[in-house]
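> One structure follows; several queries about it will come next.
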There are 2 protein chains.
Amino acid sequence: MTTPGRGLHGRVLDTLGPEITAGEYPPGSVLRTDELAQRFDVSRSVMREAVRVLESMHLVESRRRVGVTVRPMAEWNVYDPQVIRWRLAGADRPRQLRSLTVLRSAIEPVAAGLAARHATAEQCAELTECALGMVANSRGHKLEEYLVHDVAFHRVILDASGNEMFARLGDVVAEVLAGRTHHDVMFEDPDPAAVTLHVQVAEAVRAGDAARAEELTREITVGALQELDILAP
Amino acid sequence: MTTPGRGLHGRVLDTLGPEITAGEYPPGSVLRTDELAQRFDVSRSVMREAVRVLESMHLVESRRRVGVTVRPMAEWNVYDPQVIRWRLAGADRPRQLRSLTVLRSAIEPVAAGLAARHATAEQCAELTECALGMVANSRGHKLEEYLVHDVAFHRVILDASGNEMFARLGDVVAEVLAGRTHHDVMFEDPDPAAVTLHVQVAEAVRAGDAARAEELTREITVGALQELDILAP
DNA sequence: CGTGATGAATAAGTCTGACTTTTTGTCTCC
DNA sequence: GGAGACAAAAAGTCAGACTTATTCATCACG
């Protein structure tokens, strides 16, 4: 991950950020920088830097003579990787995971279609390698190794799409996939059908068959959605 | 937009942010906080707050004994509304607009499908109202009025999807639509086919026909993509 | 009564200067 | 030429004094 302790203000954020995103302070609550500085035993300057960061994430708003007020969830920068991480670590992790999976289901098929058009030879090779890695670890409870290749696969697809907005969702996808493997119970080996689909996507991309790559990826994400629906219908 | 002058550090960001996102400092360049503070005629504390914000956007990285180094574009938080605004105001606006339009083409159809399932009666009414507003202003060079309804329409769709990640893209869509109307030349009235499609989407959502809403919206976004391809093939 | 002006209290905002800590580059010395 | 010590540089931290905007309450006036 990113460095955890990058300065005192970072330490403050590591506990204050999750508190806010967990909804511990209802929207409209006011925090006083002086009190916060006391609580975390840091100087006001450090506390102010932390508040500035929270402010840039639209988690809070700082106004004179009022204090630091917590903004309603609807205004948060929910695409900020830091915010995503905080929320995934908190109580509404399931809800968050569902939102992100729906996002994946919208993005990844289109990204795969673009990848089929734009992927370099090197990226095609990487993709095939990842798919093979998934096959090799799809049986025998080698979930960790499988995950590594799965994440790499989707990263390559997103990168190869040539769209920077898609490419930057690699971390999000990684978080979602890791979450599925680690937190949510996943005793069994991955679905063989999903593994096959990944191999086929790699083929389609290499063949430059955009429509097929898109459709196959859609099937993968539909599978991911169904998985969630089974877990929490 | 958001408040322009929210403190001294905000003023600094208003000029430093665009400079960085415009690529005026190549990746790896180092800035010294002291020099920046002098340049902007602010105290070091204010300058530090500004740097913290840039850091949280992953535009720069601050390291001891080294300085504030500019990160490569691939690491920027390109979903940060502030970053998007800075980049849209800069030189690579066209590229940015294309990326965002591709993003729209992935998100909005899925969002429309979900909206057909989840939209409240009130949201359906709003949608119809927006569509009618578009029709009413589709002829006679009433581009501004048309834009207002167009933006509102897409916002309602994204909100009604019930997915917060989609909902938060409302501002992005607004920027893209506004960009198309204002910056890129658009002398003529909007495409009548597009107007009809919006009306039909509103109908499909009200009827709860997810597949149809999705497909119609896909046509809208395909149109938006073609528009860009014609302007800069 | 309301209504608008006055003023005081409050909390964020700003600046300054001194000090600490980490990192890096260099200069020995073996 | 490599290992370790040393010095310089820049960010990081802190404390305290001061400024400024905002809110709220009070009070006079219509």
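As shown in the structure tokens, the chain order sets the letters A, B, ...; within each chain, residues go from 1, and ligands are also counted from 1 in the order they appear.
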Taking only C-alpha atoms (C1' of nucleotides) into account, produce a table as CSV in which each residue of chain A with an atom at most 10 Å from an atom of chain D appears once, together with its shortest atom pair and the distance in Å to one decimal, ordered by chain and rising number.


```
residue,atom,partner,partner_atom,distance
A:Gly7,CA,D:DG12,C1',7.6
A:Leu8,CA,D:DG12,C1',8.5
A:Val42,CA,D:DC14,C1',8.6
A:Ser43,CA,D:DC14,C1',6.1
A:Arg44,CA,D:DC14,C1',8.6
A:Ser45,CA,D:DC14,C1',8.2
A:Val46,CA,D:DT13,C1',7.7
A:Arg63,CA,D:DT22,C1',8.7
A:Arg64,CA,D:DA21,C1',6.4
A:Arg65,CA,D:DT22,C1',5.5
A:Val66,CA,D:DT22,C1',7.8
```

> Now that the selection is made, can you save its residues with all heavy atoms as a short mmCIF file (atom, residue, chain, number, x, y, z; two decimals), in the first residue's frame?


```
data_model
loop_
_atom_site.label_atom_id
_atom_site.label_comp_id
_atom_site.auth_asym_id
_atom_site.auth_seq_id
_atom_site.Cartn_x
_atom_site.Cartn_y
_atom_site.Cartn_z
N GLY A 7 4.45 11.01 8.15
CA GLY A 7 4.33 12.26 8.90
C GLY A 7 3.26 12.17 9.96
O GLY A 7 2.42 11.28 9.96
N LEU A 8 3.32 13.13 10.88
CA LEU A 8 2.38 13.12 12.00
C LEU A 8 0.94 13.28 11.50
O LEU A 8 0.03 12.60 11.98
CB LEU A 8 2.70 14.26 12.96
CG LEU A 8 3.50 13.88 14.20
CD1 LEU A 8 3.48 15.04 15.18
CD2 LEU A 8 2.91 12.65 14.86
N VAL A 42 -1.02 16.61 19.07
CA VAL A 42 -0.17 17.21 18.05
C VAL A 42 -0.40 18.72 18.08
O VAL A 42 -1.35 19.20 18.68
CB VAL A 42 -0.51 16.68 16.63
CG1 VAL A 42 -0.22 15.19 16.55
CG2 VAL A 42 -1.96 16.96 16.29
N SER A 43 0.47 19.43 17.40
CA SER A 43 0.34 20.88 17.36
C SER A 43 -0.82 21.26 16.43
O SER A 43 -1.27 20.46 15.63
CB SER A 43 1.62 21.52 16.87
OG SER A 43 1.86 21.17 15.54
N ARG A 44 -1.25 22.49 16.56
CA ARG A 44 -2.36 22.92 15.71
C ARG A 44 -1.98 22.89 14.24
O ARG A 44 -2.79 22.54 13.38
CB ARG A 44 -2.80 24.34 16.10
CG ARG A 44 -3.49 24.40 17.44
CD ARG A 44 -4.52 25.51 17.46
NE ARG A 44 -4.09 26.64 16.64
CZ ARG A 44 -3.33 27.62 17.06
NH1 ARG A 44 -2.96 27.65 18.31
NH2 ARG A 44 -2.98 28.59 16.27
N SER A 45 -0.72 23.23 13.93
CA SER A 45 -0.30 23.23 12.52
C SER A 45 -0.49 21.85 11.91
O SER A 45 -1.02 21.72 10.81
CB SER A 45 1.16 23.65 12.41
OG SER A 45 1.74 23.88 13.66
N VAL A 46 -0.07 20.82 12.62
CA VAL A 46 -0.23 19.46 12.10
C VAL A 46 -1.70 19.13 11.94
O VAL A 46 -2.13 18.58 10.93
CB VAL A 46 0.45 18.45 13.05
CG1 VAL A 46 0.04 17.03 12.71
CG2 VAL A 46 1.96 18.59 12.99
N ARG A 63 -15.13 26.06 8.43
CA ARG A 63 -15.62 27.44 8.33
C ARG A 63 -15.29 28.21 9.59
O ARG A 63 -15.36 27.69 10.70
CB ARG A 63 -17.13 27.46 8.06
CG ARG A 63 -17.47 27.25 6.60
CD ARG A 63 -18.94 26.99 6.43
NE ARG A 63 -19.75 28.00 7.09
CZ ARG A 63 -21.01 27.80 7.45
NH1 ARG A 63 -21.57 26.63 7.24
NH2 ARG A 63 -21.71 28.77 8.03
N ARG A 64 -14.97 29.48 9.36
CA ARG A 64 -14.60 30.34 10.48
C ARG A 64 -15.73 30.45 11.49
O ARG A 64 -16.89 30.46 11.12
CB ARG A 64 -14.28 31.74 9.95
CG ARG A 64 -12.83 31.92 9.61
CD ARG A 64 -12.61 33.36 9.20
NE ARG A 64 -11.26 33.78 9.48
CZ ARG A 64 -10.44 34.31 8.57
NH1 ARG A 64 -10.85 34.45 7.35
NH2 ARG A 64 -9.23 34.68 8.89
N ARG A 65 -15.33 30.57 12.70
CA ARG A 65 -16.25 30.84 13.80
C ARG A 65 -17.24 29.67 14.01
O ARG A 65 -18.09 29.70 14.86
CB ARG A 65 -16.98 32.15 13.52
CG ARG A 65 -18.23 32.45 14.28
CD ARG A 65 -17.94 32.53 15.75
NE ARG A 65 -19.12 32.18 16.48
CZ ARG A 65 -19.53 32.69 17.62
NH1 ARG A 65 -18.88 33.57 18.17
NH2 ARG A 65 -20.57 32.30 18.24
N VAL A 66 -17.14 28.64 13.19
CA VAL A 66 -18.05 27.51 13.30
C VAL A 66 -17.29 26.24 13.71
O VAL A 66 -17.64 25.60 14.70
CB VAL A 66 -18.78 27.25 11.97
CG1 VAL A 66 -19.41 25.87 11.95
CG2 VAL A 66 -19.83 28.33 11.75
#
```

> Write out as a ChimeraX atom specification all residues of range 56-148 of chain B that DSSP puts in strand (DSSP E or B) for this structure's backbone.

/B:60-63,67-70

> DSSP on the backbone: what in range 107-143 of chain B comes out helix (DSSP H, G or I), as a PyMOL selection string?

chain B and resi 107-118+121-136+143

> Given only C-alpha atoms (C1' of nucleotides), how would the per-residue table for chain C near chain A read, listing every residue at most 9 Å away with its closest atom pair and distance in Å to one decimal, sorted by chain and number, as CSV?


```
residue,atom,partner,partner_atom,distance
C:DT10,C1',A:Arg65,CA,5.7
C:DA11,C1',A:Arg65,CA,4.4
C:DA12,C1',A:Arg64,CA,4.6
C:DG13,C1',A:Arg64,CA,8.0
```

> Write the residues of the preceding selection, restricted to C-alpha atoms (C1' of nucleotides), as a tab-separated table (two decimals), in the first residue's frame.


```
chain	number	residue	atom	x	y	z
C	10	DT	C1'	-15.48	32.72	19.15
C	11	DA	C1'	-12.91	29.68	16.37
C	12	DA	C1'	-10.47	29.41	12.25
C	13	DG	C1'	-6.77	31.64	9.68
```

> For Val135 in chain A, please output as JSON, numbers by chain all residues within 10 Å (counting only C-alpha atoms (C1' of nucleotides); exclusion window: fewer than 6 positions along the same chain).

{"A": [129, 146, 149, 190, 192, 195, 196, 198, 199]}

> Pull C-alpha atoms from the residues just selected and write them as a CSV table (one decimal), in the first residue's frame.


```csv
chain,number,residue,atom,x,y,z
A,129,GLU,CA,0.5,-15.4,-18.8
A,146,TYR,CA,-4.8,-17.4,-7.9
A,149,HIS,CA,-2.9,-13.6,-11.2
A,190,PRO,CA,-12.7,-20.6,-7.9
A,192,PRO,CA,-14.0,-23.2,-13.3
A,195,VAL,CA,-11.4,-19.4,-15.1
A,196,THR,CA,-12.3,-20.5,-18.6
A,198,HIS,CA,-10.6,-15.4,-18.4
A,199,VAL,CA,-8.6,-17.6,-20.8
```

> Given only C-alpha atoms, how would the per-residue table for chain A near chain B read, listing every residue at most 8 Å away with its closest atom pair and distance in Å to one decimal, sorted by chain and number, as a tab-separated table?


```
residue	atom	partner	partner_atom	distance
A:Ser45	CA	B:Ser45	CA	7.1
A:Arg48	CA	B:Glu49	CA	7.5
A:Glu49	CA	B:Glu49	CA	5.2
A:Arg52	CA	B:Glu49	CA	6.5
A:Val53	CA	B:Val53	CA	5.4
A:Ser56	CA	B:Val53	CA	6.3
A:Ala74	CA	B:Glu164	CA	7.5
A:Glu75	CA	B:Arg168	CA	7.8
A:Asn77	CA	B:Asp80	CA	7.0
A:Val78	CA	B:Met165	CA	6.7
A:Tyr79	CA	B:Tyr79	CA	6.1
A:Asp80	CA	B:Asp80	CA	6.9
A:Ser99	CA	B:Asn163	CA	6.0
A:Leu100	CA	B:Met165	CA	7.4
A:Val102	CA	B:Asn163	CA	7.9
A:Leu103	CA	B:Met165	CA	7.0
A:Ala106	CA	B:Ile107	CA	5.5
A:Ile107	CA	B:Ala106	CA	5.5
A:Val110	CA	B:Ala106	CA	6.0
A:Asn163	CA	B:Ser99	CA	5.9
A:Glu164	CA	B:Ser99	CA	6.9
A:Met165	CA	B:Ser99	CA	6.6
A:Phe166	CA	B:Leu103	CA	7.5
A:Arg168	CA	B:Val78	CA	7.5
```

> Please produce an output containing C-alpha atoms for each residue in the selection, written as a PDB file, in the first residue's frame.


```pdb
ATOM      1  CA  SER A  45      -0.300  23.232  12.522  1.00  0.00           C
ATOM      2  CA  ARG A  48      -4.660  21.885  10.314  1.00  0.00           C
ATOM      3  CA  GLU A  49      -2.803  19.944   7.646  1.00  0.00           C
ATOM      4  CA  ARG A  52      -7.000  20.305   4.865  1.00  0.00           C
ATOM      5  CA  VAL A  53      -6.643  16.804   3.501  1.00  0.00           C
ATOM      6  CA  SER A  56      -9.924  18.083  -0.116  1.00  0.00           C
ATOM      7  CA  ALA A  74     -23.416  12.064  -0.678  1.00  0.00           C
ATOM      8  CA  GLU A  75     -20.720  14.725  -1.040  1.00  0.00           C
ATOM      9  CA  ASN A  77     -15.054  11.973  -2.939  1.00  0.00           C
ATOM     10  CA  VAL A  78     -15.869   8.280  -3.053  1.00  0.00           C
ATOM     11  CA  TYR A  79     -13.331   7.658  -5.815  1.00  0.00           C
ATOM     12  CA  ASP A  80     -10.435   8.724  -3.644  1.00  0.00           C
ATOM     13  CA  SER A  99     -21.145  -0.531  -5.176  1.00  0.00           C
ATOM     14  CA  LEU A 100     -17.673  -1.232  -6.450  1.00  0.00           C
ATOM     15  CA  VAL A 102     -21.469  -2.780  -9.919  1.00  0.00           C
ATOM     16  CA  LEU A 103     -18.927  -0.198 -11.035  1.00  0.00           C
ATOM     17  CA  ALA A 106     -19.989  -1.255 -16.046  1.00  0.00           C
ATOM     18  CA  ILE A 107     -16.339  -0.492 -16.680  1.00  0.00           C
ATOM     19  CA  VAL A 110     -15.976  -1.715 -22.136  1.00  0.00           C
ATOM     20  CA  ASN A 163      -8.109   5.086 -21.184  1.00  0.00           C
ATOM     21  CA  GLU A 164      -6.485   6.620 -18.134  1.00  0.00           C
ATOM     22  CA  MET A 165      -9.765   6.764 -16.228  1.00  0.00           C
ATOM     23  CA  PHE A 166     -10.123   3.022 -16.622  1.00  0.00           C
ATOM     24  CA  ARG A 168      -6.745   4.163 -12.529  1.00  0.00           C
TER      25      ARG A 168
END
```

> Work out how far CA of Asp189 in chain A is from CA of Arg139 in chain A, in Å to one decimal.

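Between CA of Arg139 in chain A and CA of Asp189 in chain A the gap works out to 5.8 Å.
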